[in-house]
Amino acid sequence: MILELKRDLLTGKATFGKLFVDGKYFGETLEDVDRFLEFTGEGAKIDGETAIPRGRYKISVTFSQRFQKPMPYIHDVPYFEGVRVHGGNTDADTHGCPLLGNVRTPLGIAQCAGTNSRLMNLLDAAEDRGEEVWLTVS
């Protein structure tokens, strides 16, 4: 399974995008500010206020100690630890993680719970089939 996070709007406070699953639109995303780490290096990262670098990452479902439930984990993100896809509404909720919701709002995204549940169902089904899941961020 291939997930694609396509960033399409960068503001001074946040980065908006769209998530596609195997080429089909799935939902809206919100991240911290894209500081172009893949071009400038670690010096541009601001802890808890920087979007993950563009790239390709393996995804698996693991138990989150912070959220106390299984969640999508993004492996081997340079300069980051513990990056997960989860719900939230504004850039204050991201902490370096991509947020996933159903609609875009003037300040962020909304209707996150159902969208994240649908993603978990797809990821669980992929795991049951023995299929790897990859995320491309562009």
# chains A, B, ... in the order shown; residues from 1 in each chain; ligands from 1
>>> residues_around(residues="Glu31 of chain A", least_positions_apart="6", cutoff="9 Å", atoms="only C-alpha atoms", output="list in words")
Ala14, Thr15, Phe16, Gly17, Glu49, Thr50, Ala51, Ile52, Thr90, Asp91, Asp93, Thr94, His95, Gly96, Cys97, Pro98 and Leu99 of chain A
>>> select_by_dssp(residues="chain A", states="strand (DSSP E)", output="NGL selection string")
:A and (2-10 or 15-21 or 24-31 or 55-64 or 69-74 or 99-101 or 103-104 or 109-110 or 133-137)
>>> write_last_selection(atoms="C-alpha atoms", output="PDB file, in the first residue's frame")
ATOM      1  CA  ILE A   2       1.266   3.448  -0.886  1.00  0.00           C
ATOM      2  CA  LEU A   3       0.286   6.559   1.062  1.00  0.00           C
ATOM      3  CA  GLU A   4       1.138   9.922  -0.479  1.00  0.00           C
ATOM      4  CA  LEU A   5       1.104  13.144   1.508  1.00  0.00           C
ATOM      5  CA  LYS A   6       1.100  15.974  -1.021  1.00  0.00           C
ATOM      6  CA  ARG A   7       1.731  19.365   0.563  1.00  0.00           C
ATOM      7  CA  ASP A   8      -0.178  22.111  -1.236  1.00  0.00           C
ATOM      8  CA  LEU A   9      -0.344  25.190   1.010  1.00  0.00           C
ATOM      9  CA  LEU A  10       2.450  26.564   3.173  1.00  0.00           C
ATOM     10  CA  THR A  15       1.592  23.243   6.164  1.00  0.00           C
ATOM     11  CA  PHE A  16      -1.606  21.923   4.590  1.00  0.00           C
ATOM     12  CA  GLY A  17      -1.811  18.934   2.284  1.00  0.00           C
ATOM     13  CA  LYS A  18      -3.832  16.014   1.044  1.00  0.00           C
ATOM     14  CA  LEU A  19      -3.389  12.301   1.734  1.00  0.00           C
ATOM     15  CA  PHE A  20      -3.858   9.767  -1.041  1.00  0.00           C
ATOM     16  CA  VAL A  21      -4.061   5.998  -0.550  1.00  0.00           C
ATOM     17  CA  LYS A  24      -7.083   7.895  -4.411  1.00  0.00           C
ATOM     18  CA  TYR A  25      -7.850  10.990  -2.334  1.00  0.00           C
ATOM     19  CA  PHE A  26      -8.309  10.035   1.328  1.00  0.00           C
ATOM     20  CA  GLY A  27      -8.261  13.172   3.505  1.00  0.00           C
ATOM     21  CA  GLU A  28      -6.747  16.500   4.496  1.00  0.00           C
ATOM     22  CA  THR A  29      -3.455  16.852   6.350  1.00  0.00           C
ATOM     23  CA  LEU A  30      -1.939  19.485   8.581  1.00  0.00           C
ATOM     24  CA  GLU A  31       1.686  19.699   9.684  1.00  0.00           C
ATOM     25  CA  GLY A  55      10.937  11.543   1.517  1.00  0.00           C
ATOM     26  CA  ARG A  56       9.751   7.953   1.583  1.00  0.00           C
ATOM     27  CA  TYR A  57       9.040   6.239   4.887  1.00  0.00           C
ATOM     28  CA  LYS A  58       7.858   2.828   6.029  1.00  0.00           C
ATOM     29  CA  ILE A  59       4.623   2.859   8.055  1.00  0.00           C
ATOM     30  CA  SER A  60       3.522   0.298  10.617  1.00  0.00           C
ATOM     31  CA  VAL A  61       0.919   0.190  13.340  1.00  0.00           C
ATOM     32  CA  THR A  62       2.463   0.180  16.816  1.00  0.00           C
ATOM     33  CA  PHE A  63       1.222   0.987  20.292  1.00  0.00           C
ATOM     34  CA  SER A  64       1.607   4.648  21.232  1.00  0.00           C
ATOM     35  CA  LYS A  69      -3.634   2.929  21.608  1.00  0.00           C
ATOM     36  CA  PRO A  70      -2.294   1.458  18.361  1.00  0.00           C
ATOM     37  CA  MET A  71      -1.505   4.142  15.781  1.00  0.00           C
ATOM     38  CA  PRO A  72       0.371   4.556  12.477  1.00  0.00           C
ATOM     39  CA  TYR A  73       4.085   4.990  13.148  1.00  0.00           C
ATOM     40  CA  ILE A  74       6.385   6.636  10.569  1.00  0.00           C
ATOM     41  CA  LEU A  99      -2.443  15.322  11.372  1.00  0.00           C
ATOM     42  CA  LEU A 100      -5.226  13.703   9.349  1.00  0.00           C
ATOM     43  CA  GLY A 101      -8.813  14.898   9.027  1.00  0.00           C
ATOM     44  CA  VAL A 103     -12.090  18.814   6.016  1.00  0.00           C
ATOM     45  CA  ARG A 104      -9.871  21.870   5.890  1.00  0.00           C
ATOM     46  CA  ILE A 109      -8.453  20.566   9.830  1.00  0.00           C
ATOM     47  CA  ALA A 110     -11.537  18.947  11.395  1.00  0.00           C
ATOM     48  CA  VAL A 133       2.899   0.212   3.730  1.00  0.00           C
ATOM     49  CA  TRP A 134       4.974   3.165   2.562  1.00  0.00           C
ATOM     50  CA  LEU A 135       4.423   6.910   2.882  1.00  0.00           C
ATOM     51  CA  THR A 136       5.807   9.389   0.361  1.00  0.00           C
ATOM     52  CA  VAL A 137       5.894  13.028   1.510  1.00  0.00           C
TER      53      VAL A 137
END
>>> select_by_dssp(residues="chain A", states="helix (DSSP H, G or I)", output="NGL selection string")
:A and (37-40 or 42-44 or 91-93 or 112-128)
